[in-house]
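> So here's data-v7.csv, just CSV, C-alpha atoms:
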```
chain,number,residue,atom,x,y,z
X,1,MET,CA,-16.7,-5.6,26.9
X,2,ASN,CA,-18.9,-3.4,29.1
X,3,TYR,CA,-16.5,-4.2,31.9
X,4,TYR,CA,-14.5,-1.2,30.5
X,5,PRO,CA,-15.4,2.5,30.7
X,6,LYS,CA,-17.2,3.4,27.4
X,7,ALA,CA,-14.2,5.3,25.9
X,8,MET,CA,-12.0,2.3,26.5
X,9,SER,CA,-14.3,-0.3,25.1
X,10,ARG,CA,-15.0,1.9,22.1
X,11,LEU,CA,-11.2,2.2,21.4
X,12,ILE,CA,-10.7,-1.6,21.9
X,13,LYS,CA,-13.6,-2.3,19.5
X,14,GLU,CA,-12.2,0.1,16.9
X,15,LEU,CA,-8.6,-1.4,17.2
X,16,ALA,CA,-9.9,-4.9,17.0
X,17,LYS,CA,-11.4,-4.1,13.5
X,18,LEU,CA,-7.8,-3.9,12.1
X,19,PRO,CA,-6.5,-6.9,10.3
X,20,GLY,CA,-4.4,-9.3,12.5
X,21,ILE,CA,-5.5,-7.5,15.7
X,22,GLY,CA,-7.5,-9.8,18.0
X,23,PRO,CA,-9.3,-8.7,21.1
X,24,LYS,CA,-6.3,-9.3,23.4
X,25,THR,CA,-3.9,-7.3,21.2
X,26,ALA,CA,-6.5,-4.6,20.9
X,27,GLN,CA,-6.8,-4.4,24.7
X,28,ARG,CA,-3.0,-4.3,25.0
X,29,LEU,CA,-2.7,-1.5,22.4
X,30,ALA,CA,-5.6,0.4,24.0
X,31,PHE,CA,-3.8,0.4,27.4
X,32,HIS,CA,-0.6,1.4,25.7
X,33,LEU,CA,-2.3,4.3,23.9
X,34,PHE,CA,-3.9,5.4,27.2
X,35,GLU,CA,-0.5,5.4,28.9
X,36,LEU,CA,1.2,7.4,26.1
X,37,PRO,CA,1.6,11.2,26.4
X,38,ARG,CA,-1.4,13.1,24.8
X,39,ASP,CA,0.8,14.4,22.0
X,40,ALA,CA,1.9,10.9,20.9
X,41,VAL,CA,-1.7,9.8,20.6
X,42,THR,CA,-2.7,12.9,18.7
X,43,GLN,CA,0.2,12.4,16.3
X,44,LEU,CA,-0.9,8.9,15.5
X,45,ALA,CA,-4.5,9.9,15.1
X,46,THR,CA,-3.5,12.8,12.8
X,47,ALA,CA,-1.2,10.6,10.7
X,48,MET,CA,-4.1,8.2,10.1
X,49,VAL,CA,-6.6,10.9,9.1
X,50,GLU,CA,-4.1,12.8,7.0
X,51,ALA,CA,-2.9,9.7,5.2
X,52,LYS,CA,-6.5,9.0,4.4
X,53,GLU,CA,-7.1,12.6,3.2
X,54,ASN,CA,-3.9,13.3,1.3
X,55,LEU,CA,-3.1,10.1,-0.4
X,56,LYS,CA,-4.6,9.0,-3.7
X,57,PHE,CA,-3.8,6.9,-6.7
X,58,CYS,CA,-1.6,8.4,-9.5
X,59,GLU,CA,-3.7,9.0,-12.6
X,60,GLY,CA,-0.7,7.8,-14.7
X,61,CYS,CA,0.5,4.6,-13.1
X,62,GLY,CA,-2.0,3.9,-10.2
X,63,HIS,CA,0.7,4.1,-7.5
X,64,LEU,CA,0.0,5.7,-4.2
X,65,THR,CA,0.8,9.4,-4.2
X,66,GLU,CA,0.1,12.8,-2.7
X,67,GLU,CA,0.4,14.6,-6.0
X,68,SER,CA,-0.7,13.2,-9.3
X,69,PRO,CA,1.1,12.4,-11.5
X,70,CYS,CA,3.4,10.8,-9.0
X,71,ARG,CA,7.1,11.4,-8.4
X,72,LEU,CA,8.0,8.2,-10.3
X,73,CYS,CA,5.9,9.2,-13.4
X,74,GLN,CA,7.4,12.7,-13.3
X,75,ASP,CA,11.0,11.6,-13.0
X,76,PRO,CA,12.8,12.3,-16.4
X,77,MET,CA,15.8,10.1,-15.3
X,78,ARG,CA,13.7,6.9,-15.4
X,79,ASP,CA,13.7,4.8,-18.5
X,80,GLN,CA,10.6,5.8,-20.4
X,81,HIS,CA,10.6,2.7,-22.6
X,82,LEU,CA,10.4,0.1,-19.9
X,83,LEU,CA,7.2,-0.5,-18.0
X,84,CYS,CA,6.8,-2.8,-15.0
X,85,VAL,CA,3.2,-4.1,-14.3
X,86,VAL,CA,2.5,-5.0,-10.6
X,87,GLU,CA,-0.6,-5.9,-8.6
X,88,GLU,CA,-0.4,-3.4,-5.7
X,89,PRO,CA,1.4,-0.2,-4.6
X,90,LYS,CA,3.4,-2.2,-2.1
X,91,ASP,CA,4.9,-4.2,-5.0
X,92,VAL,CA,6.2,-0.9,-6.4
X,93,ILE,CA,7.9,-0.2,-3.0
X,94,ALA,CA,9.4,-3.7,-3.0
X,95,LEU,CA,10.8,-3.3,-6.5
X,96,GLU,CA,12.1,0.2,-5.7
X,97,LYS,CA,14.0,-1.1,-2.7
X,98,THR,CA,16.0,-3.5,-5.0
X,99,ARG,CA,17.4,-0.4,-6.9
X,100,GLU,CA,17.5,-2.8,-9.9
X,101,PHE,CA,14.7,-1.3,-11.9
X,102,ARG,CA,14.8,2.3,-13.3
X,103,GLY,CA,11.8,2.2,-15.6
X,104,LEU,CA,8.1,3.2,-15.1
X,105,TYR,CA,5.4,1.3,-13.2
X,106,HIS,CA,1.8,0.4,-13.7
X,107,VAL,CA,-0.3,-0.8,-10.8
X,108,LEU,CA,-3.3,-3.0,-11.6
X,109,HIS,CA,-4.9,-2.8,-8.1
X,110,GLY,CA,-5.5,-6.6,-7.9
X,111,ALA,CA,-5.2,-9.7,-10.0
X,112,LEU,CA,-7.8,-11.7,-12.0
X,113,SER,CA,-9.8,-13.9,-9.7
X,114,PRO,CA,-13.0,-15.4,-11.2
X,115,LEU,CA,-13.9,-16.9,-7.8
X,116,GLU,CA,-13.9,-13.4,-6.2
X,117,GLY,CA,-15.6,-11.9,-9.2
X,118,ILE,CA,-12.5,-9.9,-10.3
X,119,GLY,CA,-12.4,-9.7,-14.1
X,120,PRO,CA,-10.3,-7.5,-16.4
X,121,GLU,CA,-12.8,-4.6,-15.9
X,122,GLU,CA,-12.1,-4.5,-12.2
X,123,LEU,CA,-8.4,-3.9,-12.8
X,124,ASN,CA,-6.5,-0.9,-14.0
X,125,ILE,CA,-6.1,-2.3,-17.5
X,126,THR,CA,-7.8,0.2,-19.8
X,127,LYS,CA,-5.3,2.8,-18.7
X,128,LEU,CA,-2.5,0.3,-19.2
X,129,LEU,CA,-3.5,-0.2,-22.9
X,130,GLN,CA,-3.8,3.6,-23.4
X,131,ARG,CA,-0.2,4.0,-22.1
X,132,LEU,CA,1.1,1.2,-24.3
X,133,ARG,CA,-0.7,2.5,-27.4
X,134,ALA,CA,1.0,5.9,-26.9
X,135,GLY,CA,4.0,4.1,-28.4
X,136,GLU,CA,6.8,5.0,-26.0
X,137,ILE,CA,7.0,1.6,-24.2
X,138,ARG,CA,9.2,-1.1,-25.8
X,139,GLU,CA,9.1,-3.7,-23.1
X,140,VAL,CA,6.6,-4.6,-20.4
X,141,ILE,CA,7.7,-6.6,-17.4
X,142,LEU,CA,4.9,-8.5,-15.9
X,143,ALA,CA,5.7,-8.6,-12.1
X,144,CYS,CA,2.5,-10.2,-10.9
X,145,ASP,CA,2.6,-12.4,-7.8
X,146,PRO,CA,3.8,-15.9,-8.4
X,147,ASP,CA,0.4,-17.4,-7.4
X,148,MET,CA,-2.6,-18.7,-9.3
X,149,GLU,CA,-4.3,-15.3,-9.7
X,150,GLY,CA,-1.0,-13.6,-10.6
X,151,GLU,CA,-0.2,-16.3,-13.3
X,152,ALA,CA,-3.6,-16.0,-14.8
X,153,THR,CA,-3.3,-12.2,-14.9
X,154,ALA,CA,0.1,-12.3,-16.5
X,155,LEU,CA,-1.1,-14.8,-19.2
X,156,TYR,CA,-4.1,-12.6,-19.9
X,157,LEU,CA,-2.0,-9.4,-20.2
X,158,ALA,CA,0.6,-11.1,-22.3
X,159,LYS,CA,-2.2,-12.2,-24.7
X,160,ILE,CA,-3.6,-8.6,-25.1
X,161,ILE,CA,-0.2,-6.8,-25.1
X,162,LYS,CA,1.6,-9.0,-27.7
X,163,PRO,CA,-0.5,-7.8,-30.7
X,164,LEU,CA,0.8,-4.3,-29.9
X,165,GLN,CA,4.3,-5.4,-31.0
X,166,ILE,CA,5.7,-4.8,-27.5
X,167,LYS,CA,8.2,-7.2,-25.9
X,168,VAL,CA,6.6,-8.9,-22.9
X,169,THR,CA,8.7,-10.5,-20.1
X,170,ARG,CA,8.1,-11.7,-16.6
X,171,LEU,CA,10.2,-12.0,-13.5
X,172,ALA,CA,12.4,-15.1,-13.3
X,173,ARG,CA,11.2,-17.9,-11.2
X,174,GLY,CA,13.8,-19.8,-9.2
X,175,LEU,CA,15.6,-20.2,-5.9
X,176,PRO,CA,15.1,-17.4,-3.4
X,177,ILE,CA,18.5,-16.1,-2.3
X,178,GLY,CA,19.5,-17.3,1.2
X,179,GLY,CA,17.2,-20.3,1.1
X,180,ALA,CA,18.3,-23.9,1.5
X,181,LEU,CA,17.6,-26.1,-1.4
X,182,GLU,CA,16.0,-28.8,0.8
X,183,TYR,CA,13.4,-26.5,2.1
X,184,ILE,CA,12.2,-25.1,-1.2
X,185,ASP,CA,8.9,-26.4,-2.5
X,186,GLU,CA,8.8,-28.7,-5.5
X,187,VAL,CA,7.1,-26.3,-7.8
X,188,THR,CA,9.7,-23.5,-7.3
X,189,LEU,CA,12.5,-26.1,-7.6
X,190,GLY,CA,10.9,-27.4,-10.8
X,191,LYS,CA,10.8,-23.8,-12.2
X,192,ALA,CA,14.4,-23.2,-11.2
X,193,ILE,CA,15.5,-26.3,-13.2
X,194,GLU,CA,13.3,-25.3,-16.2
X,195,GLY,CA,14.8,-21.8,-16.2
X,196,ARG,CA,18.4,-22.7,-15.5
X,197,GLN,CA,21.0,-20.4,-17.0
X,198,GLU,CA,24.4,-21.1,-18.5
X,199,LEU,CA,27.3,-19.9,-16.4
L,1,MET,CA,11.1,4.6,4.1
L,2,ASN,CA,11.2,7.5,1.6
L,3,TYR,CA,10.0,5.2,-1.1
L,4,TYR,CA,6.6,6.1,0.2
L,5,PRO,CA,4.7,9.3,-0.2
L,6,LYS,CA,5.2,11.5,2.9
L,7,ALA,CA,1.8,11.0,4.5
L,8,MET,CA,2.2,7.2,4.1
L,9,SER,CA,5.7,6.9,5.6
L,10,ARG,CA,4.6,9.1,8.5
L,11,LEU,CA,1.6,6.8,9.2
L,12,ILE,CA,3.8,3.7,8.9
L,13,LYS,CA,6.4,5.3,11.3
L,14,GLU,CA,3.7,6.2,13.8
L,15,LEU,CA,2.1,2.7,13.7
L,16,ALA,CA,5.5,1.0,14.1
L,17,LYS,CA,5.9,2.8,17.5
L,18,LEU,CA,3.1,0.6,18.9
L,19,PRO,CA,4.1,-2.4,20.9
L,20,GLY,CA,4.3,-5.6,18.9
L,21,ILE,CA,3.9,-3.8,15.6
L,22,GLY,CA,7.0,-4.2,13.4
L,23,PRO,CA,7.7,-2.4,10.1
L,24,LYS,CA,5.9,-5.0,8.0
L,25,THR,CA,2.8,-5.0,10.1
L,26,ALA,CA,2.8,-1.2,10.2
L,27,GLN,CA,2.9,-1.2,6.4
L,28,ARG,CA,0.1,-3.7,6.2
L,29,LEU,CA,-2.0,-1.7,8.7
L,30,ALA,CA,-1.3,1.6,6.9
L,31,PHE,CA,-2.5,0.2,3.6
L,32,HIS,CA,-5.5,-1.2,5.3
L,33,LEU,CA,-6.3,2.2,6.8
L,34,PHE,CA,-5.8,3.9,3.4
L,35,GLU,CA,-8.3,1.4,1.9
L,36,LEU,CA,-11.0,2.0,4.6
L,37,PRO,CA,-13.8,4.4,4.1
L,38,ARG,CA,-13.0,7.9,5.5
L,39,ASP,CA,-15.5,7.5,8.3
L,40,ALA,CA,-14.0,4.3,9.6
L,41,VAL,CA,-10.5,6.0,9.8
L,42,THR,CA,-12.0,9.0,11.6
L,43,GLN,CA,-13.8,6.8,14.0
L,44,LEU,CA,-10.6,5.0,15.0
L,45,ALA,CA,-8.7,8.2,15.3
L,46,THR,CA,-11.4,9.8,17.4
L,47,ALA,CA,-11.7,6.8,19.6
L,48,MET,CA,-7.9,7.0,20.3
L,49,VAL,CA,-8.0,10.7,21.1
L,50,GLU,CA,-11.2,10.5,23.2
L,51,ALA,CA,-9.9,7.6,25.2
L,52,LYS,CA,-6.8,9.6,26.0
L,53,GLU,CA,-8.9,12.7,26.9
L,54,ASN,CA,-11.8,11.1,28.8
L,55,LEU,CA,-10.2,8.3,30.8
L,56,LYS,CA,-8.5,8.8,34.1
L,57,PHE,CA,-7.8,6.8,37.2
L,58,CYS,CA,-10.5,6.7,39.9
L,59,GLU,CA,-9.6,8.7,43.1
L,60,GLY,CA,-11.0,5.9,45.2
L,61,CYS,CA,-9.6,2.7,43.8
L,62,GLY,CA,-7.3,3.7,41.0
L,63,HIS,CA,-9.2,1.8,38.3
L,64,LEU,CA,-9.6,3.2,34.8
L,65,THR,CA,-12.8,5.3,34.6
L,66,GLU,CA,-14.5,8.2,32.9
L,67,GLU,CA,-16.1,9.6,36.1
L,68,SER,CA,-14.4,9.5,39.5
L,69,PRO,CA,-15.3,7.8,41.8
L,70,CYS,CA,-15.8,4.9,39.3
L,71,ARG,CA,-18.9,2.8,38.7
L,72,LEU,CA,-17.4,0.0,40.8
L,73,CYS,CA,-16.7,2.3,43.8
L,74,GLN,CA,-20.2,3.8,43.6
L,75,ASP,CA,-22.1,0.5,43.3
L,76,PRO,CA,-24.0,0.0,46.7
L,77,MET,CA,-24.7,-3.7,45.8
L,78,ARG,CA,-21.0,-4.6,46.1
L,79,ASP,CA,-19.6,-6.0,49.4
L,80,GLN,CA,-18.2,-2.9,51.1
L,81,HIS,CA,-16.2,-5.1,53.6
L,82,LEU,CA,-14.2,-7.0,51.0
L,83,LEU,CA,-11.3,-5.3,49.1
L,84,CYS,CA,-9.3,-6.9,46.3
L,85,VAL,CA,-5.9,-5.4,45.6
L,86,VAL,CA,-4.6,-5.8,42.0
L,87,GLU,CA,-1.6,-4.5,40.1
L,88,GLU,CA,-3.3,-3.0,37.0
L,89,PRO,CA,-6.7,-1.9,35.7
L,90,LYS,CA,-6.7,-4.9,33.3
L,91,ASP,CA,-6.6,-7.1,36.3
L,92,VAL,CA,-9.9,-5.6,37.6
L,93,ILE,CA,-11.4,-6.5,34.2
L,94,ALA,CA,-10.1,-10.0,34.3
L,95,LEU,CA,-11.6,-10.5,37.8
L,96,GLU,CA,-14.9,-8.9,36.9
L,97,LYS,CA,-15.2,-11.4,34.0
L,98,THR,CA,-15.1,-14.3,36.5
L,99,ARG,CA,-18.3,-13.0,38.2
L,100,GLU,CA,-16.9,-14.6,41.4
L,101,PHE,CA,-16.0,-11.4,43.2
L,102,ARG,CA,-18.5,-8.8,44.3
L,103,GLY,CA,-16.4,-6.6,46.6
L,104,LEU,CA,-14.3,-3.5,46.0
L,105,TYR,CA,-11.0,-3.1,44.3
L,106,HIS,CA,-7.8,-1.3,44.8
L,107,VAL,CA,-5.3,-0.8,41.9
L,108,LEU,CA,-1.6,-0.5,42.8
L,109,HIS,CA,-0.5,0.5,39.3
L,110,GLY,CA,2.5,-1.8,39.4
L,111,ALA,CA,4.3,-4.1,41.7
L,112,LEU,CA,7.4,-3.8,43.9
L,113,SER,CA,10.5,-4.1,41.8
L,114,PRO,CA,13.8,-3.0,43.3
L,115,LEU,CA,15.6,-3.7,40.0
L,116,GLU,CA,13.4,-1.2,38.2
L,117,GLY,CA,13.5,1.2,41.1
L,118,ILE,CA,9.8,0.7,42.0
L,119,GLY,CA,9.4,0.9,45.7
L,120,PRO,CA,6.3,1.3,47.9
L,121,GLU,CA,6.2,5.0,47.3
L,122,GLU,CA,5.8,4.4,43.5
L,123,LEU,CA,2.6,2.4,44.1
L,124,ASN,CA,-0.9,3.4,45.1
L,125,ILE,CA,-0.3,2.2,48.7
L,126,THR,CA,-0.9,5.4,50.8
L,127,LYS,CA,-4.4,5.6,49.5
L,128,LEU,CA,-4.9,1.9,50.3
L,129,LEU,CA,-3.9,2.3,53.9
L,130,GLN,CA,-6.3,5.3,54.2
L,131,ARG,CA,-9.1,3.2,52.9
L,132,LEU,CA,-8.3,0.4,55.3
L,133,ARG,CA,-8.0,2.7,58.3
L,134,ALA,CA,-11.5,4.0,57.5
L,135,GLY,CA,-12.6,0.8,59.2
L,136,GLU,CA,-15.1,-0.7,56.7
L,137,ILE,CA,-12.9,-3.3,55.2
L,138,ARG,CA,-12.8,-6.7,57.0
L,139,GLU,CA,-10.8,-8.7,54.4
L,140,VAL,CA,-8.2,-7.8,51.9
L,141,ILE,CA,-7.6,-10.2,49.0
L,142,LEU,CA,-4.1,-9.7,47.5
L,143,ALA,CA,-4.5,-10.5,43.8
L,144,CYS,CA,-1.0,-9.6,42.6
L,145,ASP,CA,0.5,-11.4,39.6
L,146,PRO,CA,1.9,-14.8,40.5
L,147,ASP,CA,5.4,-13.8,39.6
L,148,MET,CA,8.4,-12.6,41.7
L,149,GLU,CA,7.4,-8.9,41.9
L,150,GLY,CA,3.8,-9.9,42.6
L,151,GLU,CA,4.8,-12.2,45.5
L,152,ALA,CA,7.1,-9.6,46.9
L,153,THR,CA,4.3,-7.0,46.8
L,154,ALA,CA,1.8,-9.4,48.4
L,155,LEU,CA,4.2,-10.2,51.3
L,156,TYR,CA,5.0,-6.5,51.8
L,157,LEU,CA,1.3,-5.6,51.9
L,158,ALA,CA,0.4,-8.5,54.2
L,159,LYS,CA,3.1,-7.2,56.6
L,160,ILE,CA,1.7,-3.7,56.8
L,161,ILE,CA,-2.0,-4.6,56.7
L,162,LYS,CA,-2.0,-7.3,59.4
L,163,PRO,CA,-1.3,-4.8,62.3
L,164,LEU,CA,-4.6,-3.1,61.3
L,165,GLN,CA,-6.5,-6.3,62.5
L,166,ILE,CA,-7.8,-6.9,59.0
L,167,LYS,CA,-7.9,-10.4,57.5
L,168,VAL,CA,-5.4,-10.8,54.6
L,169,THR,CA,-5.9,-13.5,52.0
L,170,ARG,CA,-4.4,-14.1,48.7
L,171,LEU,CA,-5.6,-16.0,45.6
L,172,ALA,CA,-5.2,-19.8,45.7
L,173,ARG,CA,-2.1,-21.3,44.3
L,174,GLY,CA,-4.1,-22.5,41.3
L,175,LEU,CA,-2.4,-19.8,39.3
L,176,PRO,CA,0.3,-21.0,36.9
L,177,ILE,CA,3.6,-19.4,38.1
L,178,GLY,CA,5.1,-17.0,35.6
L,179,GLY,CA,1.8,-16.2,34.0
L,180,ALA,CA,0.3,-12.7,33.9
L,181,LEU,CA,-3.1,-12.3,35.5
L,182,GLU,CA,-4.8,-10.8,32.5
L,183,TYR,CA,-4.2,-13.9,30.4
L,184,ILE,CA,-5.5,-16.5,32.8
L,185,ASP,CA,-8.8,-18.1,31.8
L,186,GLU,CA,-11.9,-17.1,33.8
L,187,VAL,CA,-12.6,-20.6,35.3
L,188,THR,CA,-9.1,-20.9,36.8
L,189,LEU,CA,-9.3,-17.3,38.0
L,190,GLY,CA,-12.7,-18.0,39.6
L,191,LYS,CA,-11.3,-21.1,41.4
L,192,ALA,CA,-8.4,-19.1,42.6
L,193,ILE,CA,-10.8,-16.6,44.3
L,194,GLU,CA,-12.9,-19.4,45.7
L,195,GLY,CA,-9.9,-21.2,47.3
L,196,ARG,CA,-8.1,-18.1,48.7
L,197,GLN,CA,-6.0,-18.8,51.8
L,198,GLU,CA,-5.2,-16.7,54.8
L,199,LEU,CA,-1.6,-15.4,55.1
```
What does this structure look like when you write it as structure tokens?

Amino acid sequence: MNYYPKAMSRLIKELAKLPGIGPKTAQRLAFHLFELPRDAVTQLATAMVEAKENLKFCEGCGHLTEESPCRLCQDPMRDQHLLCVVEEPKDVIALEKTREFRGLYHVLHGALSPLEGIGPEELNITKLLQRLRAGEIREVILACDPDMEGEATALYLAKIIKPLQIKVTRLARGLPIGGALEYIDEVTLGKAIEGRQEL
Amino acid sequence: MNYYPKAMSRLIKELAKLPGIGPKTAQRLAFHLFELPRDAVTQLATAMVEAKENLKFCEGCGHLTEESPCRLCQDPMRDQHLLCVVEEPKDVIALEKTREFRGLYHVLHGALSPLEGIGPEELNITKLLQRLRAGEIREVILACDPDMEGEATALYLAKIIKPLQIKVTRLARGLPIGGALEYIDEVTLGKAIEGRQEL
């Protein structure tokens, strides 16, 4: 990389550290940035630093926020008896975009994964139990990812939540809308048959 | 996007302006940046701003540099009689990586393209003719991209350089037509320099 002037090779090196950005893409981005007006570069740089400085996790639900408790936790219009448990802040965003869910959230910040050394202590579970013991929540929807770690996490949570006399549900498994039946994997199709609903 | 806290949606918006970065990738990058240590984010932001502030084009050859004239122009070990004309600074890098060429460079900053309104005046050609008229250069290698604009540029330059009694060559036709110079592997590019032919 010392074919480049120092400032350029440094920028390429920094960009190439980002996930999914290889050396060629980093080079292309670096040249693009160099060709941008100075203001545009400053704007991007400032957005990065300010996001890092101003964002934190909500003390209530663990979602990404600028003020804690977050906007979702503070919203009196949301159903205070319904709690949806997700793995990551981006899952909150995905669910919000559906406009189907009007309850509260709880973000675990991960899923159980013995292989990666992630046990219950590494997840935002103590706080979850505190919220449940406060007595307002009547139903917990476990919206973990439909993969091995997510399933394990959901089973674990169901086991510790049920003794609190709270209804525990999880997202339906089945056919993704817009998909063609022939391309759907066997496991999903099996779950769709298992969970079939009367019309 | 107003599902996100303001600092986050601003960062996602800024990232999505980059070429080849769609909204999903921008979101992934934004979360990655948020999860990085503060120092790492500052480093990337600083590298961007400093690249923009410290880099310029060499007054001699038009290559990207921090000081002008650039390292390549200043290097007395390079063949002062041999000049390679390229479209972009990244082409200089690509050629340097072959280690086959030890002469000087001249960067045009583009190629002739009547459709996009790029004529000879838009390219770094006046300066090229000045350098050639200075009398040191004995051979000009036209290393334009092997596409339509590049070919047109090479033919145009050959026509105006030949009257100066300077040998004009171009890279061997080992280049795959339609490719962009920066993506060609070093060996092919090296062979192309080796087998250059007189126009």
> Quick check, in Å to one decimal: how far apart do CA of Tyr183 (chain L) and CA of Leu29 (chain X) lie?
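About the pair CA of Tyr183 (chain L) and CA of Leu29 (chain X): they are 14.8 Å apart.
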> Here is a test: counting all atoms listed in the file, which residue of X:Ile177, X:Val86, X:Cys58, X:Val168 is nearest to Cys144 (chain X)?
X:Val86
> Residues at most 12 Å from Thr42 (chain X), counting all atoms listed in the file, excluding those fewer than 6 positions away in the same chain, as a ChimeraX atom specification?
/X:33-34,36,48-50 /L:14,44-53
> Using all atoms listed in the file, determine which residues of chain L fall within 9 Å of chain X; present them as a ChimeraX atom specification.
/L:3-8,10-12,14-15,18-20,25,27-38,40-56,64-67,70-71,90,92-94,96-97,183
> After a least-squares fit of chain X on chain L across every C-alpha pair in order, what's the RMSD, to one decimal?
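Least-squares fit of chain X onto chain L, C-alpha RMSD 5.5 Å.
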> Distance CA of Leu171 (chain X)-CA of Glu122 (chain X), one decimal place?
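Taking CA of Leu171 (chain X) as the start and CA of Glu122 (chain X) as the end point, the length is 23.6 Å.
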> Determine, counting only C-alpha atoms, which protein, DNA and RNA residues have an atom within 12 Å of an atom of Ile118 (chain X); residues of the same chain fewer than 6 positions away are not included. Present the result as a ChimeraX atom specification.
/X:108-112,124,149,152-153
> Report, in Å to a single decimal, how far apart CA of Phe101 (chain L) and CA of Gly119 (chain L) are.
28.3 Å
> Kindly reconstruct region 85-100 of chain X with N, CA and C atoms and present the result as a tab-separated table (two decimals), in the coordinates of the input.

```
chain	number	residue	atom	x	y	z
X	85	VAL	N	4.62	-3.95	-14.70
X	85	VAL	CA	3.20	-4.10	-14.30
X	85	VAL	C	3.17	-4.85	-12.95
X	86	VAL	N	2.59	-4.26	-11.91
X	86	VAL	CA	2.50	-5.00	-10.60
X	86	VAL	C	1.03	-4.95	-10.15
X	87	GLU	N	0.76	-5.77	-9.13
X	87	GLU	CA	-0.60	-5.90	-8.60
X	87	GLU	C	-0.97	-4.72	-7.69
X	88	GLU	N	-0.03	-4.37	-6.80
X	88	GLU	CA	-0.40	-3.40	-5.70
X	88	GLU	C	0.72	-2.37	-5.53
X	89	PRO	N	0.35	-1.21	-4.94
X	89	PRO	CA	1.40	-0.20	-4.60
X	89	PRO	C	2.53	-0.75	-3.81
X	90	LYS	N	2.26	-1.69	-2.88
X	90	LYS	CA	3.40	-2.20	-2.10
X	90	LYS	C	4.39	-2.95	-2.93
X	91	ASP	N	3.94	-3.47	-4.07
X	91	ASP	CA	4.90	-4.20	-5.00
X	91	ASP	C	5.84	-3.14	-5.60
X	92	VAL	N	5.34	-1.92	-5.88
X	92	VAL	CA	6.20	-0.90	-6.40
X	92	VAL	C	7.32	-0.59	-5.38
X	93	ILE	N	6.92	-0.47	-4.10
X	93	ILE	CA	7.90	-0.20	-3.00
X	93	ILE	C	8.93	-1.33	-2.97
X	94	ALA	N	8.44	-2.57	-3.03
X	94	ALA	CA	9.40	-3.70	-3.00
X	94	ALA	C	10.37	-3.67	-4.10
X	95	LEU	N	9.91	-3.34	-5.31
X	95	LEU	CA	10.80	-3.30	-6.50
X	95	LEU	C	11.76	-2.10	-6.37
X	96	GLU	N	11.25	-0.96	-5.90
X	96	GLU	CA	12.10	0.20	-5.70
X	96	GLU	C	13.27	-0.07	-4.77
X	97	LYS	N	12.95	-0.84	-3.73
X	97	LYS	CA	14.00	-1.10	-2.70
X	97	LYS	C	15.13	-1.95	-3.31
X	98	THR	N	14.88	-2.70	-4.37
X	98	THR	CA	16.00	-3.50	-5.00
X	98	THR	C	16.97	-2.59	-5.69
X	99	ARG	N	16.56	-1.37	-6.08
X	99	ARG	CA	17.40	-0.40	-6.90
X	99	ARG	C	17.85	-1.04	-8.19
X	100	GLU	N	17.15	-2.08	-8.65
X	100	GLU	CA	17.50	-2.80	-9.90
X	100	GLU	C	16.74	-2.23	-11.08
```
